[in-house]
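Text of run-v1.pdb (PDB, C-alpha atoms, pLDDT in the B column) as supplied:
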MODEL        1
ATOM      1  CA  GLN N   1      12.667  -7.767  23.743  1.00 71.00           C
ATOM      2  CA  SER N   2      13.672 -10.805  21.687  1.00 85.00           C
ATOM      3  CA  ALA N   3      11.337 -11.683  18.822  1.00 92.00           C
ATOM      4  CA  LEU N   4       8.919 -14.548  19.286  1.00 97.00           C
ATOM      5  CA  THR N   5       9.812 -17.691  17.346  1.00 98.00           C
ATOM      6  CA  GLN N   6       7.668 -18.695  14.378  1.00 98.00           C
ATOM      7  CA  PRO N   7       8.413 -21.187  11.595  1.00 98.00           C
ATOM      8  CA  ALA N   8       9.685 -19.363   8.524  1.00 98.00           C
ATOM      9  CA  SER N   9       7.222 -21.131   6.275  1.00 98.00           C
ATOM     10  CA  VAL N  10       4.313 -23.547   6.268  1.00 98.00           C
ATOM     11  CA  SER N  11       2.270 -24.968   3.433  1.00 97.00           C
ATOM     12  CA  GLY N  12      -0.946 -26.816   2.853  1.00 97.00           C
ATOM     13  CA  SER N  13      -3.399 -27.804   0.169  1.00 97.00           C
ATOM     14  CA  PRO N  14      -6.819 -26.242  -0.322  1.00 97.00           C
ATOM     15  CA  GLY N  15      -9.313 -27.593   2.187  1.00 97.00           C
ATOM     16  CA  GLN N  16      -6.674 -28.729   4.657  1.00 97.00           C
ATOM     17  CA  SER N  17      -5.945 -27.240   8.069  1.00 98.00           C
ATOM     18  CA  ILE N  18      -2.598 -25.801   9.076  1.00 98.00           C
ATOM     19  CA  THR N  19      -1.235 -24.542  12.375  1.00 98.00           C
ATOM     20  CA  ILE N  20       1.391 -21.862  12.896  1.00 98.00           C
ATOM     21  CA  SER N  21       3.212 -21.882  16.219  1.00 98.00           C
ATOM     22  CA  CYS N  22       4.565 -18.890  18.105  1.00 98.00           C
ATOM     23  CA  THR N  23       6.980 -19.607  20.923  1.00 98.00           C
ATOM     24  CA  GLY N  24       7.954 -17.062  23.515  1.00 97.00           C
ATOM     25  CA  THR N  25       8.961 -17.102  27.155  1.00 95.00           C
ATOM     26  CA  SER N  26       7.466 -16.789  30.611  1.00 92.00           C
ATOM     27  CA  SER N  27       8.000 -13.023  30.251  1.00 93.00           C
ATOM     28  CA  ASP N  28       5.694 -12.630  27.277  1.00 94.00           C
ATOM     29  CA  VAL N  29       3.468 -15.368  25.802  1.00 95.00           C
ATOM     30  CA  GLY N  30       3.533 -17.395  28.987  1.00 95.00           C
ATOM     31  CA  SER N  31       2.708 -14.487  31.270  1.00 92.00           C
ATOM     32  CA  ASN N  32      -0.661 -13.341  29.914  1.00 92.00           C
ATOM     33  CA  ASN N  33      -3.539 -13.970  27.519  1.00 93.00           C
ATOM     34  CA  LEU N  34      -2.676 -11.025  25.293  1.00 94.00           C
ATOM     35  CA  VAL N  35      -1.453 -12.747  22.150  1.00 96.00           C
ATOM     36  CA  SER N  36      -2.640 -11.467  18.786  1.00 97.00           C
ATOM     37  CA  TRP N  37      -2.224 -12.646  15.208  1.00 98.00           C
ATOM     38  CA  TYR N  38      -1.985 -10.625  11.989  1.00 98.00           C
ATOM     39  CA  GLN N  39      -2.240 -11.447   8.316  1.00 98.00           C
ATOM     40  CA  GLN N  40      -0.213  -9.408   5.836  1.00 98.00           C
ATOM     41  CA  TYR N  41      -0.176  -9.520   2.070  1.00 98.00           C
ATOM     42  CA  PRO N  42       2.993  -8.223   0.349  1.00 96.00           C
ATOM     43  CA  GLY N  43       2.976  -4.455   0.108  1.00 96.00           C
ATOM     44  CA  LYS N  44      -0.125  -4.132   2.273  1.00 98.00           C
ATOM     45  CA  ALA N  45      -0.819  -3.193   5.875  1.00 98.00           C
ATOM     46  CA  PRO N  46      -1.335  -5.987   8.422  1.00 98.00           C
ATOM     47  CA  LYS N  47      -4.836  -7.103   9.373  1.00 98.00           C
ATOM     48  CA  LEU N  48      -5.830  -8.256  12.850  1.00 98.00           C
ATOM     49  CA  LEU N  49      -7.095 -11.849  12.842  1.00 98.00           C
ATOM     50  CA  ILE N  50      -7.044 -12.850  16.519  1.00 97.00           C
ATOM     51  CA  TYR N  51      -6.621 -10.951  19.790  1.00 96.00           C
ATOM     52  CA  GLU N  52      -6.468 -12.054  23.424  1.00 95.00           C
ATOM     53  CA  VAL N  53      -5.379 -15.525  22.260  1.00 96.00           C
ATOM     54  CA  THR N  54      -8.779 -16.694  20.980  1.00 96.00           C
ATOM     55  CA  GLU N  55     -10.959 -13.694  20.127  1.00 95.00           C
ATOM     56  CA  ARG N  56     -11.852 -12.848  16.530  1.00 96.00           C
ATOM     57  CA  PRO N  57     -12.723  -9.290  15.473  1.00 95.00           C
ATOM     58  CA  SER N  58     -16.013  -8.924  13.665  1.00 94.00           C
ATOM     59  CA  GLY N  59     -15.647  -9.708   9.997  1.00 95.00           C
ATOM     60  CA  VAL N  60     -12.835 -12.227  10.389  1.00 97.00           C
ATOM     61  CA  SER N  61     -13.688 -15.683   9.126  1.00 97.00           C
ATOM     62  CA  ASN N  62     -14.281 -18.398  11.715  1.00 97.00           C
ATOM     63  CA  ARG N  63     -11.780 -20.501   9.754  1.00 98.00           C
ATOM     64  CA  PHE N  64      -9.162 -18.661  11.809  1.00 98.00           C
ATOM     65  CA  SER N  65      -8.749 -19.709  15.432  1.00 98.00           C
ATOM     66  CA  GLY N  66      -6.180 -19.206  18.150  1.00 98.00           C
ATOM     67  CA  SER N  67      -4.983 -21.103  21.193  1.00 98.00           C
ATOM     68  CA  LYS N  68      -2.179 -21.098  23.731  1.00 98.00           C
ATOM     69  CA  SER N  69      -0.394 -23.592  25.925  1.00 97.00           C
ATOM     70  CA  GLY N  70       2.345 -22.408  28.248  1.00 96.00           C
ATOM     71  CA  ASP N  71       4.853 -20.285  26.331  1.00 97.00           C
ATOM     72  CA  THR N  72       3.532 -21.255  22.891  1.00 98.00           C
ATOM     73  CA  ALA N  73       0.577 -19.764  21.053  1.00 98.00           C
ATOM     74  CA  SER N  74      -0.892 -21.190  17.868  1.00 98.00           C
ATOM     75  CA  LEU N  75      -2.953 -19.995  14.922  1.00 98.00           C
ATOM     76  CA  THR N  76      -5.003 -22.586  13.079  1.00 98.00           C
ATOM     77  CA  ILE N  77      -6.490 -21.996   9.653  1.00 98.00           C
ATOM     78  CA  SER N  78      -9.077 -24.566   8.637  1.00 98.00           C
ATOM     79  CA  GLY N  79     -10.503 -25.164   5.187  1.00 98.00           C
ATOM     80  CA  LEU N  80      -7.430 -23.585   3.587  1.00 98.00           C
ATOM     81  CA  GLN N  81      -8.173 -21.321   0.616  1.00 98.00           C
ATOM     82  CA  ALA N  82      -5.926 -19.812  -2.037  1.00 98.00           C
ATOM     83  CA  GLU N  83      -6.592 -16.343  -0.612  1.00 97.00           C
ATOM     84  CA  ASP N  84      -5.017 -17.397   2.694  1.00 98.00           C
ATOM     85  CA  GLU N  85      -1.581 -17.337   1.076  1.00 98.00           C
ATOM     86  CA  ALA N  86       0.096 -14.503   2.967  1.00 98.00           C
ATOM     87  CA  ASN N  87       2.500 -13.743   5.802  1.00 98.00           C
ATOM     88  CA  TYR N  88       1.326 -14.269   9.371  1.00 98.00           C
ATOM     89  CA  TYR N  89       2.693 -12.633  12.505  1.00 98.00           C
ATOM     90  CA  CYS N  90       2.055 -13.295  16.162  1.00 98.00           C
ATOM     91  CA  CYS N  91       2.438 -10.609  18.787  1.00 98.00           C
ATOM     92  CA  SER N  92       2.464 -10.692  22.574  1.00 97.00           C
ATOM     93  CA  TYR N  93       2.186  -8.167  25.350  1.00 95.00           C
ATOM     94  CA  ALA N  94       5.361  -8.432  27.408  1.00 93.00           C
ATOM     95  CA  ARG N  95       7.028  -7.086  30.518  1.00 87.00           C
ATOM     96  CA  PHE N  96       7.091  -3.355  31.249  1.00 87.00           C
ATOM     97  CA  SER N  97       4.142  -2.711  28.906  1.00 88.00           C
ATOM     98  CA  THR N  98       5.975  -3.578  25.731  1.00 93.00           C
ATOM     99  CA  LEU N  99       4.954  -5.604  22.700  1.00 96.00           C
ATOM    100  CA  VAL N 100       6.966  -8.173  20.830  1.00 97.00           C
ATOM    101  CA  PHE N 101       6.238  -9.625  17.389  1.00 98.00           C
ATOM    102  CA  GLY N 102       7.209 -12.967  15.944  1.00 98.00           C
ATOM    103  CA  GLY N 103       9.521 -13.168  12.962  1.00 97.00           C
ATOM    104  CA  GLY N 104       6.640 -14.048  10.650  1.00 98.00           C
ATOM    105  CA  THR N 105       5.527 -17.156   8.769  1.00 98.00           C
ATOM    106  CA  LYS N 106       4.956 -17.364   5.042  1.00 98.00           C
ATOM    107  CA  LEU N 107       1.963 -19.546   4.231  1.00 98.00           C
ATOM    108  CA  THR N 108       1.933 -21.191   0.831  1.00 98.00           C
ATOM    109  CA  VAL N 109      -1.260 -22.777  -0.472  1.00 97.00           C
ATOM    110  CA  LEU N 110      -0.219 -25.587  -2.776  1.00 94.00           C
TER     111      LEU N 110
ATOM    112  CA  GLU B 111     -15.103   3.639   8.851  1.00 95.00           C
ATOM    113  CA  VAL B 112     -11.766   3.973  10.616  1.00 97.00           C
ATOM    114  CA  GLN B 113      -9.145   5.771   8.556  1.00 98.00           C
ATOM    115  CA  LEU B 114      -5.506   6.341   9.483  1.00 98.00           C
ATOM    116  CA  LEU B 115      -3.370   8.433   7.164  1.00 98.00           C
ATOM    117  CA  GLU B 116       0.356   8.678   7.806  1.00 98.00           C
ATOM    118  CA  SER B 117       2.606  11.390   6.445  1.00 97.00           C
ATOM    119  CA  GLY B 118       6.079  12.794   7.005  1.00 98.00           C
ATOM    120  CA  GLY B 119       8.237   9.974   5.723  1.00 97.00           C
ATOM    121  CA  GLY B 120      11.143  10.546   3.387  1.00 97.00           C
ATOM    122  CA  LEU B 121      14.899  10.410   2.931  1.00 98.00           C
ATOM    123  CA  VAL B 122      17.092  11.682   5.751  1.00 98.00           C
ATOM    124  CA  GLN B 123      20.772  11.449   6.534  1.00 97.00           C
ATOM    125  CA  SER B 124      22.096   9.419   9.420  1.00 98.00           C
ATOM    126  CA  GLY B 125      21.891  11.469  12.596  1.00 98.00           C
ATOM    127  CA  GLY B 126      19.017  13.525  11.277  1.00 98.00           C
ATOM    128  CA  SER B 127      15.421  13.906  12.431  1.00 98.00           C
ATOM    129  CA  LEU B 128      11.932  13.390  11.058  1.00 98.00           C
ATOM    130  CA  ARG B 129       8.443  13.762  12.457  1.00 98.00           C
ATOM    131  CA  LEU B 130       5.731  11.392  11.335  1.00 98.00           C
ATOM    132  CA  SER B 131       2.060  12.269  11.618  1.00 98.00           C
ATOM    133  CA  CYS B 132      -1.034  10.094  11.527  1.00 98.00           C
ATOM    134  CA  ALA B 133      -4.419  11.713  10.954  1.00 98.00           C
ATOM    135  CA  ALA B 134      -7.246   9.600  12.357  1.00 98.00           C
ATOM    136  CA  SER B 135     -10.950   9.619  11.556  1.00 98.00           C
ATOM    137  CA  GLY B 136     -14.010   7.422  11.896  1.00 97.00           C
ATOM    138  CA  PHE B 137     -13.741   6.764  15.640  1.00 97.00           C
ATOM    139  CA  THR B 138     -13.514   8.628  18.945  1.00 96.00           C
ATOM    140  CA  PHE B 139      -9.773   9.195  18.918  1.00 96.00           C
ATOM    141  CA  ASN B 140      -9.200   9.854  22.629  1.00 94.00           C
ATOM    142  CA  ASN B 141     -10.944   6.604  23.572  1.00 94.00           C
ATOM    143  CA  TYR B 142      -8.135   4.465  22.192  1.00 95.00           C
ATOM    144  CA  ALA B 143      -4.446   3.939  22.665  1.00 95.00           C
ATOM    145  CA  MET B 144      -2.432   4.330  19.472  1.00 96.00           C
ATOM    146  CA  GLY B 145       0.863   2.926  18.320  1.00 97.00           C
ATOM    147  CA  TRP B 146       3.585   2.793  15.705  1.00 98.00           C
ATOM    148  CA  VAL B 147       4.860  -0.416  14.151  1.00 98.00           C
ATOM    149  CA  ARG B 148       7.632  -0.549  11.550  1.00 98.00           C
ATOM    150  CA  GLN B 149       8.775  -2.977   8.908  1.00 98.00           C
ATOM    151  CA  ALA B 150      12.237  -2.862   7.392  1.00 98.00           C
ATOM    152  CA  PRO B 151      12.459  -3.810   3.711  1.00 97.00           C
ATOM    153  CA  GLY B 152      11.924  -7.552   3.337  1.00 96.00           C
ATOM    154  CA  ARG B 153      11.720  -8.034   7.088  1.00 97.00           C
ATOM    155  CA  GLY B 154       9.041  -8.684   9.705  1.00 97.00           C
ATOM    156  CA  LEU B 155       6.988  -6.367  11.869  1.00 98.00           C
ATOM    157  CA  GLU B 156       8.632  -4.570  14.786  1.00 98.00           C
ATOM    158  CA  TRP B 157       6.708  -2.731  17.492  1.00 97.00           C
ATOM    159  CA  VAL B 158       8.073   0.786  18.030  1.00 98.00           C
ATOM    160  CA  SER B 159       5.898   2.616  20.541  1.00 97.00           C
ATOM    161  CA  PHE B 160       2.402   3.168  21.896  1.00 95.00           C
ATOM    162  CA  ILE B 161       0.616   5.879  23.812  1.00 95.00           C
ATOM    163  CA  SER B 162      -2.506   5.766  25.974  1.00 94.00           C
ATOM    164  CA  GLY B 163      -5.700   7.474  24.919  1.00 94.00           C
ATOM    165  CA  SER B 164      -5.112  10.451  27.196  1.00 94.00           C
ATOM    166  CA  GLY B 165      -1.481  10.733  26.163  1.00 94.00           C
ATOM    167  CA  GLY B 166      -0.384  10.342  29.765  1.00 94.00           C
ATOM    168  CA  SER B 167       1.508   7.089  29.293  1.00 94.00           C
ATOM    169  CA  ALA B 168       3.936   6.152  26.554  1.00 96.00           C
ATOM    170  CA  TYR B 169       6.110   3.115  26.008  1.00 96.00           C
ATOM    171  CA  TYR B 170       8.982   2.340  23.645  1.00 97.00           C
ATOM    172  CA  ALA B 171      10.955  -0.530  22.217  1.00 96.00           C
ATOM    173  CA  ASP B 172      14.525  -0.668  23.493  1.00 95.00           C
ATOM    174  CA  SER B 173      15.774  -0.060  19.938  1.00 97.00           C
ATOM    175  CA  VAL B 174      14.279   3.454  19.852  1.00 98.00           C
ATOM    176  CA  LYS B 175      14.148   4.468  23.517  1.00 97.00           C
ATOM    177  CA  GLY B 176      15.768   7.831  24.081  1.00 97.00           C
ATOM    178  CA  ARG B 177      15.679   8.707  20.379  1.00 98.00           C
ATOM    179  CA  PHE B 178      11.977   8.563  19.446  1.00 98.00           C
ATOM    180  CA  THR B 179       9.078  10.342  21.121  1.00 98.00           C
ATOM    181  CA  ILE B 180       5.431   9.470  20.595  1.00 98.00           C
ATOM    182  CA  SER B 181       2.735  12.052  21.235  1.00 98.00           C
ATOM    183  CA  ARG B 182      -0.841  12.814  20.323  1.00 98.00           C
ATOM    184  CA  ASP B 183      -3.084  15.834  19.930  1.00 98.00           C
ATOM    185  CA  ASN B 184      -6.583  14.692  20.767  1.00 98.00           C
ATOM    186  CA  SER B 185      -8.040  18.028  19.660  1.00 98.00           C
ATOM    187  CA  LYS B 186      -6.665  17.356  16.164  1.00 98.00           C
ATOM    188  CA  ASN B 187      -7.189  13.565  16.137  1.00 98.00           C
ATOM    189  CA  THR B 188      -3.530  13.214  15.236  1.00 98.00           C
ATOM    190  CA  LEU B 189      -0.733  10.910  16.393  1.00 98.00           C
ATOM    191  CA  TYR B 190       2.930  11.825  16.044  1.00 98.00           C
ATOM    192  CA  LEU B 191       6.320  10.151  16.141  1.00 98.00           C
ATOM    193  CA  GLN B 192       9.335  12.416  16.539  1.00 98.00           C
ATOM    194  CA  MET B 193      12.418  10.526  15.410  1.00 98.00           C
ATOM    195  CA  ASN B 194      15.854  11.900  16.307  1.00 98.00           C
ATOM    196  CA  SER B 195      19.396  10.581  15.879  1.00 98.00           C
ATOM    197  CA  LEU B 196      18.212   8.390  13.036  1.00 98.00           C
ATOM    198  CA  ARG B 197      20.304   5.400  12.026  1.00 98.00           C
ATOM    199  CA  ALA B 198      20.436   3.283   8.890  1.00 97.00           C
ATOM    200  CA  GLU B 199      18.684   0.487  10.786  1.00 97.00           C
ATOM    201  CA  ASP B 200      15.662   2.745  11.301  1.00 98.00           C
ATOM    202  CA  THR B 201      14.947   2.490   7.566  1.00 98.00           C
ATOM    203  CA  ALA B 202      11.470   0.987   7.312  1.00 98.00           C
ATOM    204  CA  VAL B 203       7.824   1.510   6.487  1.00 98.00           C
ATOM    205  CA  TYR B 204       6.223   3.006   9.572  1.00 98.00           C
ATOM    206  CA  TYR B 205       2.607   2.079  10.261  1.00 98.00           C
ATOM    207  CA  CYS B 206       0.249   3.979  12.513  1.00 98.00           C
ATOM    208  CA  ALA B 207      -2.181   1.646  14.269  1.00 98.00           C
ATOM    209  CA  LYS B 208      -5.256   1.930  16.490  1.00 97.00           C
ATOM    210  CA  ALA B 209      -5.286  -0.216  19.610  1.00 95.00           C
ATOM    211  CA  THR B 210      -8.273  -2.215  20.765  1.00 91.00           C
ATOM    212  CA  SER B 211      -8.341  -0.499  24.173  1.00 82.00           C
ATOM    213  CA  LEU B 212      -7.901   2.844  25.914  1.00 69.00           C
ATOM    214  CA  VAL B 213      -4.848   2.339  28.073  1.00 72.00           C
ATOM    215  CA  GLY B 214      -2.731  -0.587  26.938  1.00 76.00           C
ATOM    216  CA  ALA B 215      -2.045  -1.404  23.323  1.00 78.00           C
ATOM    217  CA  THR B 216      -2.368  -5.169  23.427  1.00 88.00           C
ATOM    218  CA  ALA B 217      -3.551  -5.515  19.834  1.00 96.00           C
ATOM    219  CA  PHE B 218      -4.064  -3.211  16.854  1.00 97.00           C
ATOM    220  CA  ASP B 219      -7.334  -3.494  14.946  1.00 96.00           C
ATOM    221  CA  SER B 220      -6.842  -0.780  12.329  1.00 97.00           C
ATOM    222  CA  TRP B 221      -3.713   0.214  10.432  1.00 98.00           C
ATOM    223  CA  GLY B 222      -2.676   3.013   8.125  1.00 98.00           C
ATOM    224  CA  GLN B 223      -1.113   2.411   4.733  1.00 97.00           C
ATOM    225  CA  GLY B 224       2.368   3.165   6.029  1.00 98.00           C
ATOM    226  CA  THR B 225       4.982   5.808   5.295  1.00 98.00           C
ATOM    227  CA  LEU B 226       8.529   4.985   4.201  1.00 98.00           C
ATOM    228  CA  VAL B 227      11.480   6.360   6.116  1.00 98.00           C
ATOM    229  CA  THR B 228      14.876   5.933   4.493  1.00 98.00           C
ATOM    230  CA  VAL B 229      18.024   6.815   6.438  1.00 98.00           C
ATOM    231  CA  SER B 230      21.161   7.163   4.363  1.00 96.00           C
ATOM    232  CA  SER B 231      24.503   6.509   5.997  1.00 87.00           C
TER     233      SER B 231
ENDMDL
END

Conversion result in C-alpha cells:
Amino acid sequence: QSALTQPASVSGSPGQSITISCTGTSSDVGSNNLVSWYQQYPGKAPKLLIYEVTERPSGVSNRFSGSKSGDTASLTISGLQAEDEANYYCCSYARFSTLVFGGGTKLTVL
Amino acid sequence: EVQLLESGGGLVQSGGSLRLSCAASGFTFNNYAMGWVRQAPGRGLEWVSFISGSGGSAYYADSVKGRFTISRDNSKNTLYLQMNSLRAEDTAVYYCAKATSLVGATAFDSWGQGTLVTVSS
C-alpha cells in the first residue's frame, strides 16, 4: 500500500489551466477506472471532485476534469480562480479491496 | 442533506484504546458503504478502513490491520472504529466518510468534520 505519487506543488495564474498528475502502479491506478480526486482547504474536510476517473458529482464545477493513461491519472483545472488554491489528493482502488491516496499537491494561484 | 458527525476522539496513552463513532443522517444509511480516513498533523490523507452497507465485509489498511475494527449499527445509523494498541503514529484527525456505493468504497462523496486522536508516548 505505497502512496500514489503526486507533485508536491503546482502553480498557475488566474484564467490558466493546470494539470496535477497522480502516478501509481499496475496494482492500483493501472488496474481499474476507480480513481478519485479530492480538494481540501486547510483545516477543512476533503471534498470529492472526481470519481471513476472522469465523473463529476453534481454541484462540482465543470472546470474540473479527470483523465487516465496507463498507471497515471490526471486532474485538470481550467480557468483557474483564486478560490481553487487548496490541496488536492488523488485516490485509487487497489488490490484486495483497499484504497490508496496520493501524497497531495498544493495548488498556488499566483 | 447528508450529515456525518464524529465523536470519541481525545488524548490516550500509547497502548491504549479508543472508540470513535459517526452519527449519520440525511440518507439511507444501510444503502452505502462507509469508511474512515485519517490525516496526521501537517500530512496527507490516509485511508484506514471501510465497511459494506450490510456490515458483512470490512477492509483495512496494513498500518491498522489487527489493531482497529470497523463496525456499523444500521438500526442506529452509526459507524464505529474501535482502535486498540494505539501508537504515536496513529495521532491524526479521523474523518468518517460516506462511499458512493453499497459494497465497495471506491470514492467518498460526503465527509464529517473530523475528530482528533492524540496518542502520547

Option closest in space to B:Thr216, from B:Gly145, B:Gly125, B:Gly154, B:Gly166 [counting all atoms listed in the file]: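 Between B:Gly145, B:Gly125, B:Gly154, B:Gly166, the residue approaching B:Thr216 most closely is B:Gly145.
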
Each residue of chain N lying at most 10 Å from chain B should get a row with its shortest atom-to-atom pair and the distance in Å to one decimal, counting only C-alpha atoms; could you produce that, ordered by chain and increasing number, as a Markdown table?
| residue | atom | partner | partner_atom | distance |
| --- | --- | --- | --- | --- |
| N:Gln1 | CA | B:Asp172 | CA | 7.3 |
| N:Ala3 | CA | B:Glu156 | CA | 8.6 |
| N:Asn33 | CA | B:Thr216 | CA | 9.8 |
| N:Leu34 | CA | B:Thr216 | CA | 6.2 |
| N:Val35 | CA | B:Thr216 | CA | 7.7 |
| N:Ser36 | CA | B:Ala217 | CA | 6.1 |
| N:Trp37 | CA | B:Ala217 | CA | 8.6 |
| N:Tyr38 | CA | B:Phe218 | CA | 9.1 |
| N:Gln40 | CA | B:Leu155 | CA | 9.9 |
| N:Pro42 | CA | B:Gly152 | CA | 9.4 |
| N:Gly43 | CA | B:Gln223 | CA | 9.2 |
| N:Lys44 | CA | B:Gln223 | CA | 7.1 |
| N:Ala45 | CA | B:Gln223 | CA | 5.7 |
| N:Pro46 | CA | B:Trp221 | CA | 6.9 |
| N:Lys47 | CA | B:Asp219 | CA | 7.1 |
| N:Leu48 | CA | B:Asp219 | CA | 5.4 |
| N:Leu49 | CA | B:Asp219 | CA | 8.6 |
| N:Ile50 | CA | B:Ala217 | CA | 8.8 |
| N:Tyr51 | CA | B:Ala217 | CA | 6.2 |
| N:Glu52 | CA | B:Ala217 | CA | 8.0 |
| N:Pro57 | CA | B:Asp219 | CA | 7.9 |
| N:Asn87 | CA | B:Gly154 | CA | 9.1 |
| N:Tyr88 | CA | B:Gly154 | CA | 9.5 |
| N:Tyr89 | CA | B:Leu155 | CA | 7.6 |
| N:Cys90 | CA | B:Leu155 | CA | 9.5 |
| N:Cys91 | CA | B:Ala217 | CA | 7.9 |
| N:Ser92 | CA | B:Thr216 | CA | 7.4 |
| N:Tyr93 | CA | B:Thr216 | CA | 5.8 |
| N:Ala94 | CA | B:Thr216 | CA | 9.3 |
| N:Phe96 | CA | B:Tyr169 | CA | 8.4 |
| N:Ser97 | CA | B:Tyr169 | CA | 6.8 |
| N:Thr98 | CA | B:Tyr169 | CA | 6.7 |
| N:Leu99 | CA | B:Trp157 | CA | 6.2 |
| N:Val100 | CA | B:Trp157 | CA | 6.4 |
| N:Phe101 | CA | B:Glu156 | CA | 6.2 |
| N:Gly102 | CA | B:Leu155 | CA | 7.8 |
| N:Gly103 | CA | B:Gly154 | CA | 5.6 |
| N:Gly104 | CA | B:Gly154 | CA | 6.0 |
| N:Thr105 | CA | B:Gly154 | CA | 9.2 |

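The environment of B:Ser211 within 6 Å, counting all atoms listed in the file and disregarding residues fewer than 2 places along the same chain, consists of Tyr142, Ala209 and Val213 of chain B.
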
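For N:Glu83, the residues within 10 Å (counting only C-alpha atoms, excluding itself and residues fewer than 5 positions away along the chain) are Pro14, Tyr41, Thr108 and Val109 of chain N.
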
Resolved residues for the PyMOL selection byres ((chain B and resi 180) around 8) as an MDAnalysis selection string: chainID B and resid 159:161 168 178:179 181:182 189:192

Do you have the atom CA of N:Ser27-atom CA of N:Lys68 distance handy?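 Here the two named atoms are 14.5 Å from each other.
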
Counting only C-alpha atoms, what is within 7 Å of N:Leu107, bar same-chain residues fewer than 4 positions away, as a PyMOL selection string? chain N and resi 9-11+85-87

What does the PyMOL selection byres ((chain N and resi 66) around 8) select in this file, as a ChimeraX atom specification? /N:50,53-55,64-65,67-68,73-76

Give me, as a PyMOL selection string, all polymer residues having an atom no more than 10 Å from N:Ser13, counting all atoms listed in the file and skipping those fewer than 6 positions away in the same chain. chain N and resi 79-82+108-110

To one decimal in Å, tell me the separation between atom CA of B:Leu115 and atom CA of B:Asn187. 11.0 Å

Between atom CA of N:Ser78 and atom CA of N:Ser26, distance in Å (one decimal): 28.6 Å

With 3 Å added on each side, what axis-aligned box encloses every listed atom of stretch 202-218 of chain B? Give the centre and edge lengths in Å to one decimal, as lines of an AutoDock Vina configuration file.
center_x = 1.6
center_y = -0.8
center_z = 17.3
size_x = 25.8
size_y = 15.5
size_z = 27.6

For the structure shown, which residues end up in the PyMOL selection byres ((chain B and resi 229) around 9)? Put them as a VMD selection string, please? chain B and resid 120 to 126 196 to 202 227 to 228 230 to 231
